[in-house]
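Trainee: Sharing work-v2.pdb (PDB, C-alpha atoms) below.
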MODEL        1
ATOM      1  CA  MET A 235       0.000   0.000   0.000
ATOM      2  CA  ALA A 236       1.308   3.442  -0.950
ATOM      3  CA  ARG A 237       2.343   5.617   1.971
ATOM      4  CA  ASP A 238       0.518   8.825   2.745
ATOM      5  CA  PRO A 239       1.908  12.035   1.245
ATOM      6  CA  LEU A 240       3.935  14.339   3.442
ATOM      7  CA  VAL A 241       2.051  17.405   2.255
ATOM      8  CA  SER A 242      -1.309  18.059   0.626
ATOM      9  CA  VAL A 243      -1.444  21.145  -1.600
ATOM     10  CA  VAL A 244      -4.892  22.738  -1.877
ATOM     11  CA  VAL A 245      -5.942  25.049  -4.704
ATOM     12  CA  VAL A 246      -9.453  26.537  -4.794
ATOM     13  CA  THR A 247     -10.606  27.843  -8.161
ATOM     14  CA  TRP A 248     -13.546  29.490  -9.897
ATOM     15  CA  ASN A 249     -13.383  30.041 -13.649
ATOM     16  CA  GLY A 250      -9.617  30.272 -13.434
ATOM     17  CA  LEU A 251      -8.500  27.831 -16.110
ATOM     18  CA  PRO A 252      -5.857  30.156 -17.664
ATOM     19  CA  LEU A 253      -4.351  30.598 -14.186
ATOM     20  CA  LEU A 254      -4.444  26.884 -13.354
ATOM     21  CA  ARG A 255      -2.450  26.025 -16.467
ATOM     22  CA  HIS A 256       0.512  27.803 -14.861
ATOM     23  CA  THR A 257      -0.082  27.075 -11.167
ATOM     24  CA  LEU A 258      -0.814  23.336 -11.131
ATOM     25  CA  PRO A 259       2.162  22.145 -13.205
ATOM     26  CA  ALA A 260       4.428  24.245 -10.984
ATOM     27  CA  VAL A 261       3.002  22.476  -7.912
ATOM     28  CA  LEU A 262       3.468  19.025  -9.416
ATOM     29  CA  ALA A 263       7.089  19.875 -10.281
ATOM     30  CA  GLN A 264       7.989  20.593  -6.631
ATOM     31  CA  SER A 265      10.687  18.453  -5.053
ATOM     32  CA  LEU A 266      10.384  17.169  -1.496
ATOM     33  CA  PRO A 267      13.056  15.982   0.949
ATOM     34  CA  GLY A 268      13.892  12.344   1.478
ATOM     35  CA  GLY A 269      11.739  10.975  -1.318
ATOM     36  CA  ALA A 270       8.524  12.238   0.298
ATOM     37  CA  THR A 271       5.455  12.664  -1.867
ATOM     38  CA  LEU A 272       2.708  15.236  -2.244
ATOM     39  CA  GLU A 273      -0.911  15.217  -3.289
ATOM     40  CA  LEU A 274      -2.690  18.049  -5.096
ATOM     41  CA  LEU A 275      -6.320  18.711  -4.186
ATOM     42  CA  VAL A 276      -8.155  21.151  -6.454
ATOM     43  CA  VAL A 277     -11.564  22.386  -5.335
ATOM     44  CA  ASP A 278     -13.587  23.623  -8.315
ATOM     45  CA  ASN A 279     -16.354  26.093  -7.431
ATOM     46  CA  ALA A 280     -18.651  25.136 -10.329
ATOM     47  CA  SER A 281     -16.431  26.642 -13.023
ATOM     48  CA  ARG A 282     -17.815  26.863 -16.537
ATOM     49  CA  ASP A 283     -14.586  27.496 -18.405
ATOM     50  CA  GLY A 284     -13.371  23.937 -19.004
ATOM     51  CA  THR A 285     -11.698  23.532 -15.618
ATOM     52  CA  ALA A 286     -13.350  20.148 -14.951
ATOM     53  CA  GLU A 287     -12.104  18.738 -18.250
ATOM     54  CA  TYR A 288      -8.602  20.066 -17.630
ATOM     55  CA  LEU A 289      -8.495  18.505 -14.169
ATOM     56  CA  ALA A 290      -9.651  15.162 -15.580
ATOM     57  CA  GLN A 291      -6.802  15.254 -18.101
ATOM     58  CA  LEU A 292      -4.311  16.199 -15.406
ATOM     59  CA  ARG A 293      -5.542  13.396 -13.163
ATOM     60  CA  ALA A 294      -5.189  10.857 -15.984
ATOM     61  CA  ALA A 295      -1.570  11.916 -16.448
ATOM     62  CA  ASP A 296      -0.696  12.213 -12.743
ATOM     63  CA  PRO A 297      -2.527  10.239 -10.002
ATOM     64  CA  ARG A 298      -1.348  12.719  -7.365
ATOM     65  CA  VAL A 299      -4.111  15.054  -8.559
ATOM     66  CA  ARG A 300      -7.527  14.877  -6.857
ATOM     67  CA  ALA A 301     -10.516  17.050  -7.730
ATOM     68  CA  ILE A 302     -13.400  18.111  -5.491
ATOM     69  CA  THR A 303     -16.326  19.701  -7.326
ATOM     70  CA  ASN A 304     -18.839  22.073  -5.753
ATOM     71  CA  ARG A 305     -22.263  22.600  -7.298
ATOM     72  CA  ARG A 306     -21.980  26.377  -6.831
ATOM     73  CA  ASN A 307     -19.376  28.993  -5.971
ATOM     74  CA  GLU A 308     -18.709  28.481  -2.253
ATOM     75  CA  GLY A 309     -15.953  31.084  -1.994
ATOM     76  CA  PHE A 310     -12.559  30.341  -0.439
ATOM     77  CA  ALA A 311     -12.906  29.388   3.231
ATOM     78  CA  GLY A 312     -15.468  26.567   2.951
ATOM     79  CA  PRO A 313     -13.872  24.873  -0.074
ATOM     80  CA  ASN A 314     -10.497  24.874   1.644
ATOM     81  CA  ASN A 315     -12.106  23.197   4.644
ATOM     82  CA  LEU A 316     -13.491  20.485   2.351
ATOM     83  CA  ALA A 317      -9.979  19.824   1.121
ATOM     84  CA  PHE A 318      -8.542  19.935   4.656
ATOM     85  CA  ALA A 319     -10.947  17.153   5.634
ATOM     86  CA  ALA A 320      -9.879  15.046   2.642
ATOM     87  CA  ALA A 321      -6.147  15.768   2.924
ATOM     88  CA  ARG A 322      -3.871  12.893   3.887
ATOM     89  CA  GLY A 323      -0.686  14.876   4.473
ATOM     90  CA  ALA A 324       0.855  15.772   7.818
ATOM     91  CA  PHE A 325       1.004  19.305   6.390
ATOM     92  CA  VAL A 326      -1.409  21.201   4.157
ATOM     93  CA  ALA A 327      -0.302  23.979   1.828
ATOM     94  CA  THR A 328      -2.892  26.450   0.564
ATOM     95  CA  LEU A 329      -2.239  28.189  -2.730
ATOM     96  CA  ASN A 330      -4.274  30.720  -4.697
ATOM     97  CA  ASN A 331      -5.025  29.754  -8.268
ATOM     98  CA  ASP A 332      -3.172  32.914  -9.365
ATOM     99  CA  ALA A 333      -0.010  32.074  -7.404
ATOM    100  CA  VAL A 334       2.794  30.197  -9.166
ATOM    101  CA  PRO A 335       5.310  28.540  -6.812
ATOM    102  CA  GLN A 336       8.955  28.699  -7.779
ATOM    103  CA  PRO A 337      11.292  25.685  -7.559
ATOM    104  CA  GLY A 338      12.058  24.726  -3.969
ATOM    105  CA  TRP A 339       8.910  26.394  -2.575
ATOM    106  CA  LEU A 340       7.489  23.411  -0.710
ATOM    107  CA  GLU A 341      10.847  22.145   0.485
ATOM    108  CA  ALA A 342      11.634  25.563   2.005
ATOM    109  CA  LEU A 343       8.278  25.712   3.807
ATOM    110  CA  LEU A 344       8.687  22.217   5.214
ATOM    111  CA  GLY A 345      12.230  22.971   6.315
ATOM    112  CA  VAL A 346      11.005  25.808   8.530
ATOM    113  CA  ALA A 347       7.982  23.886   9.855
ATOM    114  CA  GLY A 348      10.185  20.991  10.876
ATOM    115  CA  GLY A 349      12.185  23.139  13.261
ATOM    116  CA  ASP A 350       9.567  23.154  16.031
ATOM    117  CA  ALA A 351       6.492  20.997  16.621
ATOM    118  CA  ARG A 352       4.599  24.129  17.770
ATOM    119  CA  ILE A 353       5.045  25.881  14.434
ATOM    120  CA  GLY A 354       1.508  25.689  13.089
ATOM    121  CA  SER A 355       1.963  27.772   9.946
ATOM    122  CA  VAL A 356       4.686  29.037   7.640
ATOM    123  CA  ALA A 357       4.371  32.039   5.345
ATOM    124  CA  SER A 358       5.751  32.061   1.816
ATOM    125  CA  ARG A 359       7.558  35.030   0.311
ATOM    126  CA  MET A 360       5.048  36.194  -2.278
ATOM    127  CA  VAL A 361       6.258  38.536  -5.009
ATOM    128  CA  PHE A 362       4.231  40.419  -7.597
ATOM    129  CA  ALA A 363       3.884  38.471 -10.825
ATOM    130  CA  HIS A 364       4.289  41.672 -12.864
ATOM    131  CA  ALA A 365       7.226  42.858 -10.722
ATOM    132  CA  PRO A 366       8.991  39.837  -9.213
ATOM    133  CA  HIS A 367      11.705  42.054  -7.728
ATOM    134  CA  LEU A 368       9.104  43.457  -5.282
ATOM    135  CA  ILE A 369       7.661  41.666  -2.257
ATOM    136  CA  GLN A 370       3.869  41.416  -2.106
ATOM    137  CA  SER A 371       3.716  39.557   1.211
ATOM    138  CA  ALA A 372       6.032  37.884   3.704
ATOM    139  CA  GLY A 373       3.343  36.901   6.155
ATOM    140  CA  ILE A 374       0.640  38.789   8.049
ATOM    141  CA  THR A 375       1.140  41.602  10.529
ATOM    142  CA  ILE A 376      -1.622  43.365  12.438
ATOM    143  CA  ASP A 377      -1.745  46.817  14.040
ATOM    144  CA  ARG A 378      -3.577  48.196  17.062
ATOM    145  CA  ALA A 379      -6.562  49.209  14.933
ATOM    146  CA  ALA A 380      -6.897  45.518  13.990
ATOM    147  CA  ILE A 381      -5.885  46.234  10.409
ATOM    148  CA  ALA A 382      -4.084  43.287   8.822
ATOM    149  CA  TRP A 383      -1.197  44.116   6.517
ATOM    150  CA  ASP A 384       1.065  42.135   4.236
ATOM    151  CA  ARG A 385       4.528  42.194   5.774
ATOM    152  CA  LEU A 386       7.218  43.931   3.693
ATOM    153  CA  ALA A 387       4.679  44.766   0.959
ATOM    154  CA  GLY A 388       6.291  46.835  -1.790
ATOM    155  CA  ARG A 389       9.834  46.342  -0.508
ATOM    156  CA  PRO A 390      12.576  45.272  -2.938
ATOM    157  CA  LEU A 391      13.289  41.565  -2.714
ATOM    158  CA  ALA A 392      16.837  42.338  -1.606
ATOM    159  CA  GLU A 393      15.507  44.082   1.539
ATOM    160  CA  GLY A 394      13.707  41.008   2.854
ATOM    161  CA  GLU A 395      15.058  38.775   5.608
ATOM    162  CA  ALA A 396      17.559  36.113   4.647
ATOM    163  CA  ALA A 397      16.487  33.731   7.430
ATOM    164  CA  PRO A 398      13.092  32.711   8.880
ATOM    165  CA  VAL A 399      11.548  35.099  11.424
ATOM    166  CA  GLU A 400       8.509  34.730  13.642
ATOM    167  CA  VAL A 401       5.400  36.481  12.276
ATOM    168  CA  PHE A 402       1.793  36.994  13.335
ATOM    169  CA  GLY A 403       0.531  34.547  10.723
ATOM    170  CA  ALA A 404       0.695  33.289   7.157
ATOM    171  CA  SER A 405      -1.250  34.557   4.174
ATOM    172  CA  ALA A 406      -3.405  31.708   2.871
ATOM    173  CA  GLY A 407      -2.557  32.735  -0.673
ATOM    174  CA  ALA A 408       0.574  30.623  -0.224
ATOM    175  CA  ALA A 409       0.891  29.078   3.230
ATOM    176  CA  LEU A 410       1.869  25.849   4.917
ATOM    177  CA  TYR A 411      -0.284  24.651   7.825
ATOM    178  CA  ARG A 412       0.299  21.783  10.212
ATOM    179  CA  THR A 413      -2.669  19.405   9.841
ATOM    180  CA  GLU A 414      -2.775  18.884  13.607
ATOM    181  CA  MET A 415      -3.380  22.604  14.107
ATOM    182  CA  LEU A 416      -6.074  22.780  11.418
ATOM    183  CA  ARG A 417      -7.955  19.923  13.032
ATOM    184  CA  GLN A 418      -7.640  21.419  16.497
ATOM    185  CA  LEU A 419      -8.961  24.821  15.380
ATOM    186  CA  GLY A 420     -11.487  23.605  12.809
ATOM    187  CA  GLY A 421      -9.735  25.220   9.832
ATOM    188  CA  PHE A 422     -11.097  28.440   8.378
ATOM    189  CA  ASP A 423     -14.400  29.899   9.523
ATOM    190  CA  PRO A 424     -16.666  29.101   6.525
ATOM    191  CA  ARG A 425     -18.837  32.171   7.195
ATOM    192  CA  TYR A 426     -16.019  34.372   5.923
ATOM    193  CA  PHE A 427     -16.586  33.151   2.322
ATOM    194  CA  MET A 428     -13.428  34.969   1.175
ATOM    195  CA  TYR A 429     -10.814  37.378   2.641
ATOM    196  CA  LEU A 430      -9.393  37.604   6.189
ATOM    197  CA  GLU A 431     -10.158  33.965   6.940
ATOM    198  CA  ASP A 432      -6.385  33.551   7.238
ATOM    199  CA  VAL A 433      -6.131  36.469   9.692
ATOM    200  CA  ASP A 434      -8.873  34.953  11.847
ATOM    201  CA  LEU A 435      -7.146  31.557  11.789
ATOM    202  CA  ALA A 436      -3.764  33.098  12.577
ATOM    203  CA  TRP A 437      -5.210  34.954  15.567
ATOM    204  CA  ARG A 438      -6.997  31.875  16.916
ATOM    205  CA  ALA A 439      -3.799  29.867  16.436
ATOM    206  CA  ARG A 440      -1.781  32.354  18.494
ATOM    207  CA  ILE A 441      -4.389  32.275  21.253
ATOM    208  CA  ALA A 442      -4.084  28.464  21.260
ATOM    209  CA  GLY A 443      -0.286  28.619  21.578
ATOM    210  CA  TRP A 444       0.777  27.880  17.996
ATOM    211  CA  ARG A 445       3.655  29.772  16.360
ATOM    212  CA  ALA A 446       4.053  31.131  12.817
ATOM    213  CA  PHE A 447       7.229  31.837  10.834
ATOM    214  CA  SER A 448       8.183  33.137   7.427
ATOM    215  CA  ALA A 449      10.216  31.146   4.907
ATOM    216  CA  PRO A 450      12.215  33.597   2.756
ATOM    217  CA  GLN A 451      13.313  30.870   0.322
ATOM    218  CA  ALA A 452       9.710  29.758  -0.365
ATOM    219  CA  VAL A 453       8.968  32.104  -3.267
ATOM    220  CA  VAL A 454       5.654  32.404  -5.092
ATOM    221  CA  ARG A 455       4.761  34.752  -7.956
ATOM    222  CA  HIS A 456       1.299  36.127  -7.299
ATOM    223  CA  ALA A 457      -1.079  37.909  -9.702
ATOM    224  CA  HIS A 458      -2.663  39.863  -6.824
ATOM    225  CA  SER A 459      -6.525  39.799  -6.753
ATOM    226  CA  ALA A 460      -6.772  38.185 -10.169
ATOM    227  CA  THR A 461     -10.061  36.489  -9.206
ATOM    228  CA  ALA A 462     -12.130  39.139  -7.391
ATOM    229  CA  GLY A 463     -10.336  42.257  -8.603
ATOM    230  CA  GLU A 464      -8.418  44.751  -6.478
ATOM    231  CA  GLY A 465     -10.744  47.412  -5.035
ATOM    232  CA  SER A 466     -13.895  45.708  -6.302
ATOM    233  CA  PRO A 467     -17.163  46.115  -4.325
ATOM    234  CA  LEU A 468     -17.157  42.328  -3.757
ATOM    235  CA  LYS A 469     -13.703  42.424  -2.178
ATOM    236  CA  ASN A 470     -14.293  45.584  -0.132
ATOM    237  CA  TRP A 471     -17.585  44.320   1.322
ATOM    238  CA  HIS A 472     -16.114  41.018   2.478
ATOM    239  CA  LEU A 473     -13.024  42.723   3.882
ATOM    240  CA  GLY A 474     -15.126  45.112   5.972
ATOM    241  CA  ARG A 475     -17.574  42.536   7.284
ATOM    242  CA  ASN A 476     -14.944  39.925   8.037
ATOM    243  CA  LYS A 477     -12.754  42.397   9.888
ATOM    244  CA  VAL A 478     -15.625  43.165  12.282
ATOM    245  CA  TRP A 479     -16.149  39.450  12.927
ATOM    246  CA  THR A 480     -12.431  38.926  13.578
ATOM    247  CA  VAL A 481     -12.164  41.852  16.003
ATOM    248  CA  VAL A 482     -15.213  40.757  17.974
ATOM    249  CA  ARG A 483     -13.938  37.207  18.358
ATOM    250  CA  CYS A 484     -10.183  37.638  18.731
ATOM    251  CA  TYR A 485      -9.208  41.108  19.952
ATOM    252  CA  PRO A 486      -8.203  41.012  23.655
ATOM    253  CA  ALA A 487     -10.821  42.879  25.676
ATOM    254  CA  PRO A 488      -8.456  45.359  27.438
ATOM    255  CA  GLY A 489      -6.867  46.378  24.143
ATOM    256  CA  LEU A 490     -10.206  46.628  22.361
ATOM    257  CA  ALA A 491     -11.527  49.008  25.001
ATOM    258  CA  ARG A 492      -8.509  51.244  24.445
ATOM    259  CA  TYR A 493      -8.277  51.147  20.656
ATOM    260  CA  LEU A 494     -11.944  50.761  19.681
ATOM    261  CA  PRO A 495     -12.163  54.398  18.470
ATOM    262  CA  ALA A 496      -9.298  53.780  16.034
ATOM    263  CA  VAL A 497     -10.933  50.584  14.815
ATOM    264  CA  LEU A 498     -14.279  52.309  14.242
ATOM    265  CA  LEU A 499     -12.830  55.419  12.607
ATOM    266  CA  TYR A 500     -10.846  53.390  10.091
ATOM    267  CA  ASP A 501     -13.813  51.260   9.086
ATOM    268  CA  LEU A 502     -16.178  54.231   8.878
ATOM    269  CA  ALA A 503     -13.695  55.997   6.603
TER     270      ALA A 503
ENDMDL
END
Please rewrite the model in this file as structure tokens.

Mentor:
Amino acid sequence: MARDPLVSVVVVTWNGLPLLRHTLPAVLAQSLPGGATLELLVVDNASRDGTAEYLAQLRAADPRVRAITNRRNEGFAGPNNLAFAAARGAFVATLNNDAVPQPGWLEALLGVAGGDARIGSVASRMVFAHAPHLIQSAGITIDRAAIAWDRLAGRPLAEGEAAPVEVFGASAGAALYRTEMLRQLGGFDPRYFMYLEDVDLAWRARIAGWRAFSAPQAVVRHAHSATAGEGSPLKNWHLGRNKVWTVVRCYPAPGLARYLPAVLLYDLA
């Protein structure tokens, strides 16, 4: 009987066939340490652009590919949870359909995660697809107004850290999660649909005692907001609503009492 994969890579997609043609082959080309294997789980949110046919062809050529098909667009959080439940790996990597991992991506993430059993997540170094010399994200940071930011966003690649550092959390656009942590915390909150589900998970993980680190050598080229569109009403609405939910559930009460005016003023603006 074949052994279980070390890592399960999850990609959620909706009418993203042109993006998948770049992302999925790059995942399947990843090398892993010690002869370990991976599985690729693609959750298709009822795409109508030929995605199902493409996945069937990919599966026929490579049995590591598994497809989960939704009957409607279920967003990002819930479909990832479906894949988390089906994943067989000790680690689960989430990857946006518009994020193309570079060689050595998975191996670098696993190398950091293996350093401490309490490391629950590892952040990739995401760079802009149109400007790969600029960092788009090196993990999540959060300020006193409960605004989540991409670490090092806009910085030249040369200004990033050379070694792993502890961070608030990992951006789910390209993250590695320990399966044990996902099962303990229940994965993403499916009510979020899309956006900030990774911030909520990162905050709950910290409360539960899990740690998060960045992996500077785990590089991904990301076509930022290729699915929903940067600044779109869809994106802005979910960002605003989901931030309120996250603050209510996770913000420590003493700090919230002190910084609530800043939180409210930002969101009203």

Trainee: One decimal, in Å: what's the spacing between atom CA of Glu287 of chain A and atom CA of Pro259 of chain A?

Mentor: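 These two atoms are separated by 15.5 Å.
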
Trainee: Any chance you could work out the residue set of the PyMOL selection byres ((chain A and resi 290-295) around 12) here, as an MDAnalysis selection string?

Mentor: chainID A and resid 254:255 258:259 262 273:276 278 284:289 296:303

Trainee: Write out as a PDB file with C-alpha atoms, keeping the file's coordinate frame the residues lying within 12 Å of segment 402-405 of chain A, counting only C-alpha atoms and excluding same-chain residues fewer than 2 positions away.

Mentor:
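As written to disk, selection-v4.pdb reads:
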ATOM      1  CA  ALA A 327      -0.302  23.979   1.828  1.00  0.00           C
ATOM      2  CA  THR A 328      -2.892  26.450   0.564  1.00  0.00           C
ATOM      3  CA  LEU A 329      -2.239  28.189  -2.730  1.00  0.00           C
ATOM      4  CA  ASN A 330      -4.274  30.720  -4.697  1.00  0.00           C
ATOM      5  CA  ALA A 333      -0.010  32.074  -7.404  1.00  0.00           C
ATOM      6  CA  LEU A 343       8.278  25.712   3.807  1.00  0.00           C
ATOM      7  CA  ILE A 353       5.045  25.881  14.434  1.00  0.00           C
ATOM      8  CA  GLY A 354       1.508  25.689  13.089  1.00  0.00           C
ATOM      9  CA  SER A 355       1.963  27.772   9.946  1.00  0.00           C
ATOM     10  CA  VAL A 356       4.686  29.037   7.640  1.00  0.00           C
ATOM     11  CA  ALA A 357       4.371  32.039   5.345  1.00  0.00           C
ATOM     12  CA  SER A 358       5.751  32.061   1.816  1.00  0.00           C
ATOM     13  CA  ARG A 359       7.558  35.030   0.311  1.00  0.00           C
ATOM     14  CA  MET A 360       5.048  36.194  -2.278  1.00  0.00           C
ATOM     15  CA  GLN A 370       3.869  41.416  -2.106  1.00  0.00           C
ATOM     16  CA  SER A 371       3.716  39.557   1.211  1.00  0.00           C
ATOM     17  CA  ALA A 372       6.032  37.884   3.704  1.00  0.00           C
ATOM     18  CA  GLY A 373       3.343  36.901   6.155  1.00  0.00           C
ATOM     19  CA  ILE A 374       0.640  38.789   8.049  1.00  0.00           C
ATOM     20  CA  THR A 375       1.140  41.602  10.529  1.00  0.00           C
ATOM     21  CA  ILE A 376      -1.622  43.365  12.438  1.00  0.00           C
ATOM     22  CA  ASP A 377      -1.745  46.817  14.040  1.00  0.00           C
ATOM     23  CA  ALA A 382      -4.084  43.287   8.822  1.00  0.00           C
ATOM     24  CA  TRP A 383      -1.197  44.116   6.517  1.00  0.00           C
ATOM     25  CA  ASP A 384       1.065  42.135   4.236  1.00  0.00           C
ATOM     26  CA  ARG A 385       4.528  42.194   5.774  1.00  0.00           C
ATOM     27  CA  VAL A 399      11.548  35.099  11.424  1.00  0.00           C
ATOM     28  CA  GLU A 400       8.509  34.730  13.642  1.00  0.00           C
ATOM     29  CA  GLY A 407      -2.557  32.735  -0.673  1.00  0.00           C
ATOM     30  CA  ALA A 408       0.574  30.623  -0.224  1.00  0.00           C
ATOM     31  CA  ALA A 409       0.891  29.078   3.230  1.00  0.00           C
ATOM     32  CA  LEU A 410       1.869  25.849   4.917  1.00  0.00           C
ATOM     33  CA  TYR A 411      -0.284  24.651   7.825  1.00  0.00           C
ATOM     34  CA  ARG A 412       0.299  21.783  10.212  1.00  0.00           C
ATOM     35  CA  TYR A 429     -10.814  37.378   2.641  1.00  0.00           C
ATOM     36  CA  LEU A 430      -9.393  37.604   6.189  1.00  0.00           C
ATOM     37  CA  GLU A 431     -10.158  33.965   6.940  1.00  0.00           C
ATOM     38  CA  ASP A 432      -6.385  33.551   7.238  1.00  0.00           C
ATOM     39  CA  VAL A 433      -6.131  36.469   9.692  1.00  0.00           C
ATOM     40  CA  ASP A 434      -8.873  34.953  11.847  1.00  0.00           C
ATOM     41  CA  LEU A 435      -7.146  31.557  11.789  1.00  0.00           C
ATOM     42  CA  ALA A 436      -3.764  33.098  12.577  1.00  0.00           C
ATOM     43  CA  TRP A 437      -5.210  34.954  15.567  1.00  0.00           C
ATOM     44  CA  ARG A 438      -6.997  31.875  16.916  1.00  0.00           C
ATOM     45  CA  ALA A 439      -3.799  29.867  16.436  1.00  0.00           C
ATOM     46  CA  ARG A 440      -1.781  32.354  18.494  1.00  0.00           C
ATOM     47  CA  ILE A 441      -4.389  32.275  21.253  1.00  0.00           C
ATOM     48  CA  GLY A 443      -0.286  28.619  21.578  1.00  0.00           C
ATOM     49  CA  TRP A 444       0.777  27.880  17.996  1.00  0.00           C
ATOM     50  CA  ARG A 445       3.655  29.772  16.360  1.00  0.00           C
ATOM     51  CA  ALA A 446       4.053  31.131  12.817  1.00  0.00           C
ATOM     52  CA  PHE A 447       7.229  31.837  10.834  1.00  0.00           C
ATOM     53  CA  SER A 448       8.183  33.137   7.427  1.00  0.00           C
ATOM     54  CA  ALA A 449      10.216  31.146   4.907  1.00  0.00           C
ATOM     55  CA  VAL A 454       5.654  32.404  -5.092  1.00  0.00           C
ATOM     56  CA  HIS A 456       1.299  36.127  -7.299  1.00  0.00           C
TER      57      HIS A 456
END

Trainee: Report as a PyMOL selection string the full result of the PyMOL selection byres ((chain A and resi 369) around 7) when it is applied to this structure.

Mentor: chain A and resi 360-362+367-368+370-371+386-391

Trainee: Point out the residue among A:Ser242, A:Gln336, A:Asn307, A:Ser265 with the least atom-to-atom distance to Val453 of chain A, counting all atoms listed in the file.

Mentor: A:Gln336

Trainee: Mind pulling up the distance from atom CA of Ala397 of chain A to atom CA of Pro450 of chain A?

Mentor: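 So the two atoms, atom CA of Pro450 of chain A and atom CA of Ala397 of chain A, lie 6.3 Å apart.
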
Trainee: Report the distance between atom CA of Asp238 of chain A and atom CA of Leu340 of chain A in Å, rounded to one decimal place.

Mentor: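 Computed distance, atom CA of Asp238 of chain A to atom CA of Leu340 of chain A, equals 16.5 Å.
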
Trainee: Run the PyMOL selection byres ((chain A and resi 421) around 10) mentally over the shown coordinates, then write out the matched residues as a list in words, using the chain letters and numbers from the document.

Mentor: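 With the shown file as input, the PyMOL selection byres ((chain A and resi 421) around 10) matches Ala311, Gly312, Asn314, Asn315, Leu316, Phe318, Ala319, Tyr411, Thr413, Met415, Leu416, Arg417, Gln418, Leu419, Gly420, Phe422, Asp423, Pro424, Glu431, Asp432, Asp434 and Leu435 of chain A.
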
Trainee: Please provide the set of residues having any atom within 7 Å of Thr247 of chain A, restricted to all atoms listed in the file, with same-chain residues fewer than 5 positions apart removed, written as a VMD selection string.

Mentor: chain A and resid 277 to 279 331

Trainee: Output segment 361-372 of chain A with N, CA, C and O atoms present, as a CSV table (one decimal), in the coordinates of the input.

Mentor:
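This is the output file out.csv:
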chain,number,residue,atom,x,y,z
A,361,VAL,N,5.8,37.4,-4.2
A,361,VAL,CA,6.3,38.5,-5.0
A,361,VAL,C,5.2,38.8,-6.1
A,361,VAL,O,4.4,37.9,-6.5
A,362,PHE,N,5.2,40.1,-6.6
A,362,PHE,CA,4.2,40.4,-7.6
A,362,PHE,C,4.6,39.7,-8.9
A,362,PHE,O,5.8,39.8,-9.3
A,363,ALA,N,3.6,39.1,-9.6
A,363,ALA,CA,3.9,38.5,-10.8
A,363,ALA,C,4.4,39.4,-11.9
A,363,ALA,O,5.3,39.1,-12.7
A,364,HIS,N,3.9,40.7,-11.9
A,364,HIS,CA,4.3,41.7,-12.9
A,364,HIS,C,5.6,42.4,-12.5
A,364,HIS,O,6.2,43.1,-13.3
A,365,ALA,N,6.0,42.2,-11.2
A,365,ALA,CA,7.2,42.9,-10.7
A,365,ALA,C,7.9,41.9,-9.7
A,365,ALA,O,7.8,42.2,-8.5
A,366,PRO,N,8.5,40.8,-10.1
A,366,PRO,CA,9.0,39.8,-9.2
A,366,PRO,C,10.2,40.3,-8.4
A,366,PRO,O,10.6,39.6,-7.5
A,367,HIS,N,10.7,41.5,-8.6
A,367,HIS,CA,11.7,42.1,-7.7
A,367,HIS,C,11.1,42.7,-6.5
A,367,HIS,O,11.9,43.2,-5.6
A,368,LEU,N,9.8,42.8,-6.4
A,368,LEU,CA,9.1,43.5,-5.3
A,368,LEU,C,8.3,42.4,-4.5
A,368,LEU,O,7.6,41.6,-5.0
A,369,ILE,N,8.4,42.6,-3.1
A,369,ILE,CA,7.7,41.7,-2.3
A,369,ILE,C,6.2,42.1,-2.2
A,369,ILE,O,5.9,43.3,-2.0
A,370,GLN,N,5.3,41.1,-2.3
A,370,GLN,CA,3.9,41.4,-2.1
A,370,GLN,C,3.5,41.0,-0.7
A,370,GLN,O,2.6,41.7,-0.1
A,371,SER,N,4.0,40.0,-0.2
A,371,SER,CA,3.7,39.6,1.2
A,371,SER,C,4.8,38.6,1.7
A,371,SER,O,5.3,37.8,1.0
A,372,ALA,N,5.1,38.8,3.0
A,372,ALA,CA,6.0,37.9,3.7
A,372,ALA,C,5.4,37.5,5.0
A,372,ALA,O,6.0,37.5,6.1
